[in-house]
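Here the structure comes first, spelled out in structure tokens, and everything after it is commentary.
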Amino acid sequence: MIQFSSVTKRYPGGHEALRGVTLEIAAGEMIAVTGHSGAGKSTLLKLAAGIERASTGTVVVNGQNLGALGETALAILRRRVGFIFQDHKLLYDRSCHDNVALPLRIAGVAREEVGKRVRAALDKVGLLDRERAMPVALSGGEQQRLCIARAIVNRPSVLIADEPTGNLDAEYARAIVDLFVSFNQVGVTVLLSTHDEASIARLGCRRVSLQSGAVVA
Amino acid sequence: MTWLRLHLHAFVEALRRLLAQPLGSALSVLVLAIAIALPVVAAIALRSVGAATAHLDTDPHVNVYLALDASDEDVKRVGTALRNHPEAAAVRFIPREQAMAELKSTTHLAEILAALDRNPLPHAYTVRVRTTETARITALREEWSKLPKVEQVLADFEWSERLGRWVRFGDRALAATWLLLGAAVAFIVAHLIRLQVLTHREEIEVSQLVGATAADVRRPFLYHGLLQGLFAGAVAVAAAAALAGWAGYELRALTPSYATELKVVFLPLMETMAVVLTAAALGFLGAWSAVSRELRHFARRA
């Protein structure tokens, strides 16, 4: 599903976030990426989602070499990958419904269909009763779930989450982890980063450890 | 269907953005409308002058006046000579009686003329010549003054040449005005859209993260620019029409004092539509350049 071959990511200014990473994630697999902050977890996830491009090496998602794709094709690919951002990236000037509807509107989905799918996604994360609320009125954990709803509304085959349990108390974190487990059980490939040992244990999946941009285990 | 829906969404979004800041949008449209209205008013003015002078024959004419004692035979002979001349495009005979009648009817000299015991005016020929060159016309004058019983040959062409130059000058000044103010419209829209892009920076960033292409991001801004141009063009044409009506009222009142009918001539429908559509196109272009430039900035930041 996702293959990294000797991938290096160098940011302007010379900082190397990833060095020669080779990694294969099978379809339907769930993987937890761990490591200290600054180890390159976020960079790895962004490369897998087509949000950033590798400096050298190749990233292949669903049989497509992302390095060979143009900007438009890359944007289209991002629609098929659900991404949960560490900083949520919600739009605070519109309701929960409109935030979740954004990917569907971009894809040009019909209005009736948009309403149905948005409510299904909100229901899945337990926010159906907050459809008309503004994101600022939500707690941190609810905002995280809203972000998950937006990621799954396009029914992606891959879900990528950057520290989805960071800053959450243990109970909330467990609920979020269970949510990802349930997605994985219905066949979605899940790739998430975390530094929370309790969450990794609960996920019960393969783990990839990063240190200074390289895979150590 | 998806394509149509995307455009409909972008269009509605553009309208929503325009209506979200009604005062700001109205002022922007007004600024653009003023810029567009200036050349429209100038064009109307030029057209009106053109219409007022259209019946003035600006082709060069040569007037051949015969001696007062010329006989009917002499008149015929001169007429034949002029008509057979290769440079003469048209020859019109003005008998002395007709000249007198015209003078009485078009001037206020009737009383003085009536006091005269005989008609002081000669028979005359008005010849429209094919050439406009000063040297050629001078030569014709020389040649025709040598015809028997021809008293005087007058060629009054300098004023027509000057009028022609003024008209061409007006056309060029108008073209330059169109060009400058058209560019101004594009630049103003580009600036307004750039501000819009900055206002929507967060939305653009998030949209791109969840799969919006450059075209998806650009679309509502292009409609926004297009609509601004379209509204501004419509307001400009309406304002120019109102101005023309207002000024035209005074002008019509002046008509009886002059020999010619004075009136304001508005642009024909096709040209009016062309003005509005051009304004919309300029808005579109301005928006395109602004969004493309800002999107490049985003790409660099990412």
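FYI, nothing fancy with the structure tokens labels: chains A, B, ... in order, residues from 1 per chain, ligands from 1 as they appear.
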### Message
Would you mind listing, as number ranges by chain, all residues of chain A that have at least one atom within 7 Å of chain B, where only C-alpha atoms are what counts?
### Response
A: 51, 72, 75-76, 78-79, 89, 91, 103, 106, 108-109
Export of prior selection with N, CA and C atoms as a PDB file, in the first residue's frame:
```
ATOM      1  N   ILE A  51       1.636  15.246   1.139  1.00  0.00           N
ATOM      2  CA  ILE A  51       1.603  16.656   1.531  1.00  0.00           C
ATOM      3  C   ILE A  51       2.978  17.282   1.292  1.00  0.00           C
ATOM      4  N   THR A  72      -1.237  18.756  -9.457  1.00  0.00           N
ATOM      5  CA  THR A  72      -2.670  18.468  -9.507  1.00  0.00           C
ATOM      6  C   THR A  72      -2.939  17.008  -9.148  1.00  0.00           C
ATOM      7  N   ALA A  75      -2.582  16.473  -5.528  1.00  0.00           N
ATOM      8  CA  ALA A  75      -3.733  16.986  -4.774  1.00  0.00           C
ATOM      9  C   ALA A  75      -4.889  15.992  -4.833  1.00  0.00           C
ATOM     10  N   ILE A  76      -5.105  15.418  -6.021  1.00  0.00           N
ATOM     11  CA  ILE A  76      -6.183  14.436  -6.187  1.00  0.00           C
ATOM     12  C   ILE A  76      -5.897  13.205  -5.303  1.00  0.00           C
ATOM     13  N   ARG A  78      -4.323  13.173  -2.513  1.00  0.00           N
ATOM     14  CA  ARG A  78      -4.570  13.529  -1.100  1.00  0.00           C
ATOM     15  C   ARG A  78      -6.035  13.321  -0.713  1.00  0.00           C
ATOM     16  N   ARG A  79      -6.928  13.365  -1.705  1.00  0.00           N
ATOM     17  CA  ARG A  79      -8.345  13.165  -1.399  1.00  0.00           C
ATOM     18  C   ARG A  79      -8.620  11.735  -0.962  1.00  0.00           C
ATOM     19  N   LYS A  89      -5.923  21.760  12.215  1.00  0.00           N
ATOM     20  CA  LYS A  89      -6.179  22.464  10.946  1.00  0.00           C
ATOM     21  C   LYS A  89      -7.681  22.586  10.670  1.00  0.00           C
ATOM     22  N   LEU A  91     -11.171  24.917  10.428  1.00  0.00           N
ATOM     23  CA  LEU A  91     -11.502  26.295  10.067  1.00  0.00           C
ATOM     24  C   LEU A  91     -12.495  26.807  11.109  1.00  0.00           C
ATOM     25  N   PRO A 103     -13.798  18.494   2.351  1.00  0.00           N
ATOM     26  CA  PRO A 103     -13.221  17.607   1.313  1.00  0.00           C
ATOM     27  C   PRO A 103     -14.249  17.201   0.262  1.00  0.00           C
ATOM     28  N   ILE A 106     -14.845  20.091  -2.145  1.00  0.00           N
ATOM     29  CA  ILE A 106     -13.709  20.205  -3.060  1.00  0.00           C
ATOM     30  C   ILE A 106     -13.819  19.152  -4.159  1.00  0.00           C
ATOM     31  N   GLY A 108     -16.515  18.042  -5.304  1.00  0.00           N
ATOM     32  CA  GLY A 108     -17.710  18.288  -6.116  1.00  0.00           C
ATOM     33  C   GLY A 108     -18.810  17.271  -5.903  1.00  0.00           C
ATOM     34  N   VAL A 109     -18.959  16.792  -4.674  1.00  0.00           N
ATOM     35  CA  VAL A 109     -20.013  15.823  -4.356  1.00  0.00           C
ATOM     36  C   VAL A 109     -21.359  16.555  -4.251  1.00  0.00           C
TER      37      VAL A 109
END
```
### Task
Step one, run DSSP on the backbone; step two, keep only residues of range 33-199 of chain B assigned to strand (DSSP E or B); then write them as a list of chain:residue names.
B:His61, B:Val62, B:Asn63, B:Val64, B:Tyr65, B:Leu66, B:Ala88, B:Ala89, B:Ala90, B:Val91, B:Arg92, B:Phe93, B:Ile94, B:Ala124, B:Tyr125, B:Thr126, B:Val127, B:Arg128, B:Val129, B:Val150, B:Glu151, B:Gln152, B:Val153, B:Leu154, B:Ala155, B:Asp156
#### Entry: All residues 7 Å or closer to range 149-162 of chain A, only C-alpha atoms, same chain fewer than 6 positions away omitted, as number ranges by chain
A: 42, 45, 80-86, 99-100, 103-104, 117-118, 121-122, 125, 188-193
### Task
With a distance cut-off of 8 Å and only C-alpha atoms, select the neighbouring residues of range 207-209 of chain A, excluding the residue or stretch itself and same-chain residues fewer than 6 positions from it, and output the selection as a count of residues only.
9
### Message
Residues near range 218-235 of chain B, anyone? I mean within 7 Å using only C-alpha atoms, not counting same-chain ones fewer than 4 positions away, as a list of chain:residue names.
### Response
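In the requested form, the answer reads B:Ala10, B:Phe11, B:Glu13, B:Ala14, B:Val29, B:Leu30, B:Leu32, B:Ala33, B:Ile36, B:Val189, B:Ile193, B:Ala214, B:Ala239, B:Val275, B:Val276, B:Leu277, B:Ala279, B:Ala280, B:Ala281, B:Leu282, B:Gly283, B:Phe284, B:Gly286, B:Ala287, B:Trp288, B:Val291.
Note that the spacing between CA of Val12 in chain B and CA of Gly115 in chain A amounts to 17.8 Å.
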### Message
Give me, as a PyMOL selection string, all polymer residues having an atom no more than 7 Å from Leu203 in chain A, counting only C-alpha atoms and skipping those fewer than 4 positions away in the same chain.
### Response
chain A and resi 177+181+199
Please produce a file of the residues just selected, as an mmCIF file, in the first residue's frame, where the atoms kept are C-alpha atoms.
```
data_model
loop_
_atom_site.group_PDB
_atom_site.id
_atom_site.type_symbol
_atom_site.label_atom_id
_atom_site.label_comp_id
_atom_site.auth_asym_id
_atom_site.auth_seq_id
_atom_site.Cartn_x
_atom_site.Cartn_y
_atom_site.Cartn_z
ATOM 1 C CA VAL A 177 -7.241 4.556 19.865
ATOM 2 C CA VAL A 181 -8.717 0.048 15.740
ATOM 3 C CA SER A 199 -1.702 3.757 23.235
#
```
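Taking only C-alpha atoms into account, Leu262 in chain B lies nearest to B:Ala247 out of the set B:Ala37, B:Ala190, B:Ile204, B:Ala247.
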Shell around Arg130 in chain A at 12 Å using only C-alpha atoms, local window under 5 positions removed, as a PDB file with N, CA and C atoms, in the first residue's frame:
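Saved to around24.pdb:
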```pdb
ATOM      1  N   SER A  95     -19.083  26.063  10.795  1.00  0.00           N
ATOM      2  CA  SER A  95     -19.600  25.035  11.713  1.00  0.00           C
ATOM      3  C   SER A  95     -18.871  23.706  11.545  1.00  0.00           C
ATOM      4  N   CYS A  96     -19.126  22.798  12.499  1.00  0.00           N
ATOM      5  CA  CYS A  96     -18.553  21.452  12.431  1.00  0.00           C
ATOM      6  C   CYS A  96     -18.967  20.772  11.129  1.00  0.00           C
ATOM      7  N   HIS A  97     -20.250  20.922  10.789  1.00  0.00           N
ATOM      8  CA  HIS A  97     -20.744  20.328   9.544  1.00  0.00           C
ATOM      9  C   HIS A  97     -19.925  20.815   8.351  1.00  0.00           C
ATOM     10  N   ASP A  98     -19.715  22.126   8.249  1.00  0.00           N
ATOM     11  CA  ASP A  98     -19.004  22.676   7.089  1.00  0.00           C
ATOM     12  C   ASP A  98     -17.532  22.274   7.077  1.00  0.00           C
ATOM     13  N   ASN A  99     -16.941  22.122   8.270  1.00  0.00           N
ATOM     14  CA  ASN A  99     -15.552  21.663   8.328  1.00  0.00           C
ATOM     15  C   ASN A  99     -15.425  20.255   7.760  1.00  0.00           C
ATOM     16  N   VAL A 100     -16.347  19.391   8.162  1.00  0.00           N
ATOM     17  CA  VAL A 100     -16.285  18.004   7.694  1.00  0.00           C
ATOM     18  C   VAL A 100     -16.644  17.925   6.206  1.00  0.00           C
ATOM     19  N   VAL A 118     -21.606  13.591   5.687  1.00  0.00           N
ATOM     20  CA  VAL A 118     -21.091  14.369   6.818  1.00  0.00           C
ATOM     21  C   VAL A 118     -21.706  13.845   8.114  1.00  0.00           C
ATOM     22  N   ARG A 119     -23.021  13.606   8.095  1.00  0.00           N
ATOM     23  CA  ARG A 119     -23.677  13.116   9.310  1.00  0.00           C
ATOM     24  C   ARG A 119     -23.174  11.728   9.679  1.00  0.00           C
ATOM     25  N   LEU A 122     -19.762  12.258  11.285  1.00  0.00           N
ATOM     26  CA  LEU A 122     -19.894  12.849  12.623  1.00  0.00           C
ATOM     27  C   LEU A 122     -20.449  11.810  13.604  1.00  0.00           C
ATOM     28  N   ASP A 123     -21.370  10.974  13.121  1.00  0.00           N
ATOM     29  CA  ASP A 123     -21.953   9.938  13.967  1.00  0.00           C
ATOM     30  C   ASP A 123     -20.881   8.941  14.401  1.00  0.00           C
ATOM     31  N   VAL A 125     -17.778   9.428  14.920  1.00  0.00           N
ATOM     32  CA  VAL A 125     -16.868   9.926  15.967  1.00  0.00           C
ATOM     33  C   VAL A 125     -17.657  10.467  17.171  1.00  0.00           C
ATOM     34  N   PRO A 135     -16.408  25.088  15.901  1.00  0.00           N
ATOM     35  CA  PRO A 135     -15.305  24.314  16.496  1.00  0.00           C
ATOM     36  C   PRO A 135     -14.774  24.903  17.803  1.00  0.00           C
ATOM     37  N   VAL A 136     -14.824  26.230  17.958  1.00  0.00           N
ATOM     38  CA  VAL A 136     -14.295  26.814  19.200  1.00  0.00           C
ATOM     39  C   VAL A 136     -15.084  26.360  20.414  1.00  0.00           C
ATOM     40  N   ALA A 137     -16.352  25.959  20.182  1.00  0.00           N
ATOM     41  CA  ALA A 137     -17.187  25.532  21.303  1.00  0.00           C
ATOM     42  C   ALA A 137     -16.863  24.101  21.723  1.00  0.00           C
ATOM     43  N   LEU A 138     -15.987  23.420  20.990  1.00  0.00           N
ATOM     44  CA  LEU A 138     -15.665  22.026  21.293  1.00  0.00           C
ATOM     45  C   LEU A 138     -14.437  21.946  22.192  1.00  0.00           C
ATOM     46  N   SER A 139     -14.386  20.867  22.975  1.00  0.00           N
ATOM     47  CA  SER A 139     -13.197  20.623  23.803  1.00  0.00           C
ATOM     48  C   SER A 139     -12.070  20.121  22.908  1.00  0.00           C
ATOM     49  N   GLU A 142     -12.825  16.777  21.482  1.00  0.00           N
ATOM     50  CA  GLU A 142     -13.875  16.839  20.465  1.00  0.00           C
ATOM     51  C   GLU A 142     -13.337  17.398  19.152  1.00  0.00           C
ATOM     52  N   GLN A 143     -12.430  18.389  19.273  1.00  0.00           N
ATOM     53  CA  GLN A 143     -11.813  18.946  18.056  1.00  0.00           C
ATOM     54  C   GLN A 143     -11.005  17.861  17.346  1.00  0.00           C
ATOM     55  N   ARG A 145     -11.662  14.721  17.387  1.00  0.00           N
ATOM     56  CA  ARG A 145     -12.620  13.818  16.739  1.00  0.00           C
ATOM     57  C   ARG A 145     -13.237  14.457  15.505  1.00  0.00           C
ATOM     58  N   LEU A 146     -13.407  15.767  15.548  1.00  0.00           N
ATOM     59  CA  LEU A 146     -13.928  16.468  14.378  1.00  0.00           C
ATOM     60  C   LEU A 146     -12.932  16.336  13.214  1.00  0.00           C
TER      61      LEU A 146
END
```
### Task
Pull the alpha helix (DSSP H) assignments for range 146-276 of chain B out of DSSP run on the backbone, and list those residues as a PyMOL selection string.
chain B and resi 158-199+201-209+214-254+269-276
Residues of the last selection are to be written out with C-alpha atoms, as a short mmCIF file (atom, residue, chain, number, x, y, z; two decimals), in the first residue's frame.
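Contents of selection_18.cif, as written:
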```cif
data_model
loop_
_atom_site.label_atom_id
_atom_site.label_comp_id
_atom_site.auth_asym_id
_atom_site.auth_seq_id
_atom_site.Cartn_x
_atom_site.Cartn_y
_atom_site.Cartn_z
CA GLU B 158 -7.92 73.83 -44.78
CA TRP B 159 -10.67 73.88 -42.20
CA SER B 160 -11.93 70.47 -43.26
CA GLU B 161 -8.44 69.10 -43.05
CA ARG B 162 -8.13 70.60 -39.57
CA LEU B 163 -11.47 69.17 -38.49
CA GLY B 164 -10.40 65.75 -39.71
CA ARG B 165 -7.24 66.02 -37.64
CA TRP B 166 -9.20 67.00 -34.54
CA VAL B 167 -11.49 64.02 -34.98
CA ARG B 168 -8.52 61.67 -35.41
CA PHE B 169 -6.85 63.26 -32.38
CA GLY B 170 -10.01 62.62 -30.36
CA ASP B 171 -10.06 58.98 -31.46
CA ARG B 172 -6.45 58.49 -30.45
CA ALA B 173 -6.89 60.24 -27.11
CA LEU B 174 -9.89 57.98 -26.49
CA ALA B 175 -7.92 54.85 -27.39
CA ALA B 176 -5.17 55.89 -24.98
CA THR B 177 -7.75 56.51 -22.25
CA TRP B 178 -9.30 53.08 -22.83
CA LEU B 179 -5.89 51.48 -22.58
CA LEU B 180 -4.80 53.28 -19.43
CA LEU B 181 -8.06 52.92 -17.54
CA GLY B 182 -8.46 49.32 -18.69
CA ALA B 183 -5.05 48.56 -17.19
CA ALA B 184 -6.12 50.45 -14.06
CA VAL B 185 -9.20 48.23 -13.74
CA ALA B 186 -7.10 45.07 -14.04
CA PHE B 187 -4.61 46.33 -11.46
CA ILE B 188 -7.30 47.46 -9.00
CA VAL B 189 -9.04 44.09 -9.23
CA ALA B 190 -5.71 42.30 -8.82
CA HIS B 191 -5.08 44.27 -5.65
CA LEU B 192 -8.57 43.64 -4.25
CA ILE B 193 -8.32 39.93 -4.98
CA ARG B 194 -4.86 39.76 -3.45
CA LEU B 195 -6.35 41.11 -0.21
CA GLN B 196 -9.11 38.51 -0.49
CA VAL B 197 -6.54 35.75 -0.92
CA LEU B 198 -4.73 36.91 2.20
CA THR B 199 -8.01 36.97 4.13
CA ARG B 201 -5.15 32.15 3.61
CA GLU B 202 -6.11 29.58 6.27
CA GLU B 203 -8.98 28.20 4.22
CA ILE B 204 -6.71 27.89 1.18
CA GLU B 205 -4.05 26.07 3.18
CA VAL B 206 -6.51 23.59 4.71
CA SER B 207 -8.25 23.06 1.36
CA GLN B 208 -4.95 22.23 -0.29
CA LEU B 209 -4.10 19.81 2.52
CA ALA B 214 -4.60 24.97 -7.73
CA ALA B 215 -7.64 25.25 -10.02
CA ASP B 216 -9.99 24.48 -7.12
CA VAL B 217 -8.42 27.23 -5.03
CA ARG B 218 -8.40 29.70 -7.91
CA ARG B 219 -12.00 29.17 -9.03
CA PRO B 220 -13.97 31.24 -6.47
CA PHE B 221 -11.46 34.10 -6.74
CA LEU B 222 -11.80 34.15 -10.52
CA TYR B 223 -15.58 34.37 -10.20
CA HIS B 224 -15.12 37.08 -7.60
CA GLY B 225 -12.97 39.15 -9.98
CA LEU B 226 -15.29 38.43 -12.90
CA LEU B 227 -18.37 39.52 -10.93
CA GLN B 228 -16.67 42.66 -9.67
CA GLY B 229 -15.74 43.60 -13.24
CA LEU B 230 -19.21 42.75 -14.51
CA PHE B 231 -21.00 44.80 -11.84
CA ALA B 232 -18.56 47.69 -12.29
CA GLY B 233 -19.11 47.64 -16.07
CA ALA B 234 -22.89 47.65 -15.63
CA VAL B 235 -22.76 50.48 -13.08
CA ALA B 236 -20.40 52.47 -15.34
CA VAL B 237 -22.68 52.12 -18.36
CA ALA B 238 -25.74 53.04 -16.30
CA ALA B 239 -23.97 56.05 -14.80
CA ALA B 240 -22.77 57.18 -18.23
CA ALA B 241 -26.31 56.81 -19.61
CA ALA B 242 -27.67 58.91 -16.74
CA LEU B 243 -24.98 61.57 -17.31
CA ALA B 244 -25.67 61.58 -21.05
CA GLY B 245 -29.38 62.04 -20.46
CA TRP B 246 -28.75 64.86 -18.01
CA ALA B 247 -26.32 66.69 -20.28
CA GLY B 248 -28.33 65.88 -23.39
CA TYR B 249 -31.35 67.70 -22.01
CA GLU B 250 -29.44 71.00 -22.01
CA LEU B 251 -27.92 70.29 -25.40
CA ARG B 252 -31.30 69.71 -27.05
CA ALA B 253 -32.51 73.01 -25.67
CA LEU B 254 -29.62 74.69 -27.52
CA LEU B 269 -26.09 48.20 -27.79
CA MET B 270 -23.25 46.00 -29.08
CA GLU B 271 -20.60 48.42 -27.87
CA THR B 272 -22.34 48.85 -24.52
CA MET B 273 -22.29 45.10 -24.09
CA ALA B 274 -18.67 45.00 -25.18
CA VAL B 275 -17.79 47.53 -22.46
CA VAL B 276 -19.48 45.43 -19.77
#
```
